[in-house]
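Read through the structure below, which is laid out as structure tokens, and then see the notes.
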Amino acid sequence: MKHKARQVALSPAMTVEEFDNGYWYATEIRSFATTLGISGVSGLRKDELEDLIRGFLRTGKLDPVPARSTPVSGTRDSDHGITRRRRVVNYTNDRATKDFLEQERARLSPGQRQKSGARYRLNRWREEQVLAGEPITYGDLAKKYVELSDVEGAFPQARSGRYVNFLSDFLRCEQNMSMEDAISAWHEVKVLDCPKTYASWKKLSIARGNAEGKEHLGGGC
């Protein structure tokens, strides 16, 4: 299996496969989304824009932009001091807010370990509640965080987190290799015309069959 370095540029004429086989920075995605006529680009996450772009490449039409709650102007919740009773009004992922959630998680569930993906899903849950007009407090957020952290097994991988997913799969399968090896492998596969997955890198490494691969790759997954 042989892959070439990425040469495809973002274009309305590209295929979904070409789009997914590339690695596009947020600035590139936002600029391309604006070119396609997607509205409210600045208020959408990168993964939301990517889904809208995939829809356009697949059908030639723009899907409705995900609904968003109206941004609240003024000071952040954390500027007033985060407490369990404070309503979630102007949430920010700053250090004070993260520290509060971790402290509450430790208080509510002593000994509970951080769970990969729990914070991401907590943010999506919070957005859904606010959009639906449901009043929630930071105490509610902390309880939901504990609940998500208690879920058994790994969460389904979010497509938008390809870097995190790659490192997780690499380190799980290549137990004799280090984080530095994983990051190096990511940079290798990131620029190639192929899915940005551990499986792609593994196939590439086996096909290459070099001495390093034979010595260090092991059985893999």
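Labels for the structure tokens follow display order: chains A, B, ..., residues from 1 in each chain, ligands from 1.
Using only C-alpha atoms, the contacts of A:Ala96 at a cut-off of 12 Å, with sequence neighbours closer than 2 positions omitted, comprise A:Arg76, A:Asp77, A:Ser78, A:Asp79, A:His80, A:Gly81, A:Ile82, A:Thr83, A:Tyr91, A:Thr92, A:Asn93, A:Asp94, A:Lys98, A:Asp99, A:Phe100, A:Leu101, A:Glu102, A:Gln103.
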Please dump the current selection as a short mmCIF file (atom, residue, chain, number, x, y, z; two decimals), in the first residue's frame; keep N, CA and C atoms.
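File produced: selection.cif:
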```cif
data_model
loop_
_atom_site.label_atom_id
_atom_site.label_comp_id
_atom_site.auth_asym_id
_atom_site.auth_seq_id
_atom_site.Cartn_x
_atom_site.Cartn_y
_atom_site.Cartn_z
N ARG A 76 -18.17 36.89 31.94
CA ARG A 76 -18.29 35.44 31.97
C ARG A 76 -18.79 34.99 33.34
N ASP A 77 -19.40 33.81 33.36
CA ASP A 77 -19.84 33.26 34.65
C ASP A 77 -18.68 33.16 35.63
N SER A 78 -17.52 32.77 35.12
CA SER A 78 -16.37 32.58 36.00
C SER A 78 -15.88 33.89 36.60
N ASP A 79 -16.20 35.02 35.96
CA ASP A 79 -15.80 36.31 36.52
C ASP A 79 -16.53 36.60 37.83
N HIS A 80 -17.69 35.99 38.03
CA HIS A 80 -18.47 36.18 39.25
C HIS A 80 -18.12 35.13 40.30
N GLY A 81 -17.34 34.12 39.90
CA GLY A 81 -17.03 33.02 40.80
C GLY A 81 -17.98 31.86 40.57
N ILE A 82 -17.45 30.70 40.22
CA ILE A 82 -18.27 29.53 39.93
C ILE A 82 -18.67 28.85 41.23
N THR A 83 -19.97 28.64 41.42
CA THR A 83 -20.49 27.89 42.57
C THR A 83 -21.51 26.89 42.06
N TYR A 91 -21.06 30.66 29.67
CA TYR A 91 -20.07 29.63 29.98
C TYR A 91 -18.80 29.83 29.15
N THR A 92 -17.65 29.60 29.78
CA THR A 92 -16.38 29.58 29.06
C THR A 92 -15.55 28.41 29.58
N ASN A 93 -14.78 27.81 28.69
CA ASN A 93 -13.91 26.70 29.07
C ASN A 93 -12.58 27.24 29.60
N ASP A 94 -12.65 28.08 30.61
CA ASP A 94 -11.42 28.64 31.16
C ASP A 94 -10.94 27.80 32.34
N LYS A 98 -12.90 24.80 34.57
CA LYS A 98 -12.40 23.43 34.54
C LYS A 98 -11.99 22.96 35.94
N ASP A 99 -11.35 23.84 36.71
CA ASP A 99 -10.94 23.48 38.06
C ASP A 99 -12.16 23.17 38.93
N PHE A 100 -13.22 23.98 38.78
CA PHE A 100 -14.44 23.74 39.56
C PHE A 100 -15.02 22.37 39.24
N LEU A 101 -15.11 22.04 37.95
CA LEU A 101 -15.70 20.76 37.55
C LEU A 101 -14.87 19.59 38.08
N GLU A 102 -13.55 19.71 38.04
CA GLU A 102 -12.70 18.63 38.53
C GLU A 102 -12.82 18.50 40.05
N GLN A 103 -12.88 19.63 40.75
CA GLN A 103 -13.01 19.58 42.21
C GLN A 103 -14.35 18.97 42.62
#
```
> Just how far from atom CA of A:Asp181 is atom CA of A:Ser200, in Å to one decimal?
Replying inline: 15.5 Å
> Could you pull out the strand (DSSP E or B) residues of chain A from DSSP and send them as a PyMOL selection string?
Replying inline: chain A and resi 5+87+137+192
For those residues, write N, CA and C atoms to a file as a PDB file, in the first residue's frame.
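File written: selection.pdb
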```pdb
ATOM      1  N   ALA A   5       1.859  12.177  -0.773  1.00  0.00           N
ATOM      2  CA  ALA A   5       1.555  13.354   0.018  1.00  0.00           C
ATOM      3  C   ALA A   5       0.319  14.044  -0.554  1.00  0.00           C
ATOM      4  N   ARG A  87     -26.255  29.815  37.937  1.00  0.00           N
ATOM      5  CA  ARG A  87     -26.850  29.419  36.660  1.00  0.00           C
ATOM      6  C   ARG A  87     -25.812  29.498  35.550  1.00  0.00           C
ATOM      7  N   THR A 137     -27.589  24.652  36.384  1.00  0.00           N
ATOM      8  CA  THR A 137     -26.584  25.283  37.230  1.00  0.00           C
ATOM      9  C   THR A 137     -25.251  24.562  37.040  1.00  0.00           C
ATOM     10  N   LEU A 192      -0.514  12.464   4.254  1.00  0.00           N
ATOM     11  CA  LEU A 192      -0.733  11.517   3.171  1.00  0.00           C
ATOM     12  C   LEU A 192      -2.193  11.501   2.718  1.00  0.00           C
TER      13      LEU A 192
END
```
> Which is closer to A:Gly153 than all the others in A:Phe32, A:Ile136, A:Asp47, A:Lys115, using only C-alpha atoms?
Replying inline: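 With only C-alpha atoms as the atom set, the closest residue is A:Lys115.
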>> List as a count of residues only the protein and nucleic acid residues near A:Arg105, meaning an atom at most 10 Å away when only C-alpha atoms are counted, but skip any in the same chain fewer than 3 places from it.
In response: 19
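Between atom CA of A:Val130 and atom CA of A:Val88 there is a distance of 8.2 Å.
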>> If we count only C-alpha atoms and set the cut-off at 10 Å, which residues sit around A:Met14, ignoring sequence neighbours fewer than 5 positions away in its own chain? Please answer as a VMD selection string.
In response: chain A and resid 8 to 9 19 57 to 58
Could those residues be written to a file, using C-alpha atoms, as a PDB file, in the first residue's frame?
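The result, stored in again.pdb:
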```pdb
ATOM      1  CA  VAL A   8      -5.754  17.974  -3.372  1.00  0.00           C
ATOM      2  CA  ALA A   9      -6.913  21.475  -2.462  1.00  0.00           C
ATOM      3  CA  PHE A  19     -12.081  15.737   1.816  1.00  0.00           C
ATOM      4  CA  LEU A  57     -19.945  17.676  -1.441  1.00  0.00           C
ATOM      5  CA  ARG A  58     -22.349  14.727  -1.328  1.00  0.00           C
TER       6      ARG A  58
END
```
> Given the choices A:Leu171, A:Met177, A:Ile38, A:Ile29, which gets closest to A:Phe56 if the distance is worked out from only C-alpha atoms?
Replying inline: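 Smallest distance to A:Phe56 is found for A:Ile38.
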>> I need the residues in stretch 95-157 of chain A that are alpha helix (DSSP H) according to DSSP; give them as a ChimeraX atom specification.
In response: /A:95-108,118-131,138-149
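Going from atom CA of A:Pro135 to atom CA of A:Arg85 covers 11.3 Å.
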>> Measuring between only C-alpha atoms, which one of A:Arg54, A:Lys61, A:Lys46, A:Arg30 shows the shortest distance to A:Glu17?
In response: A:Arg54
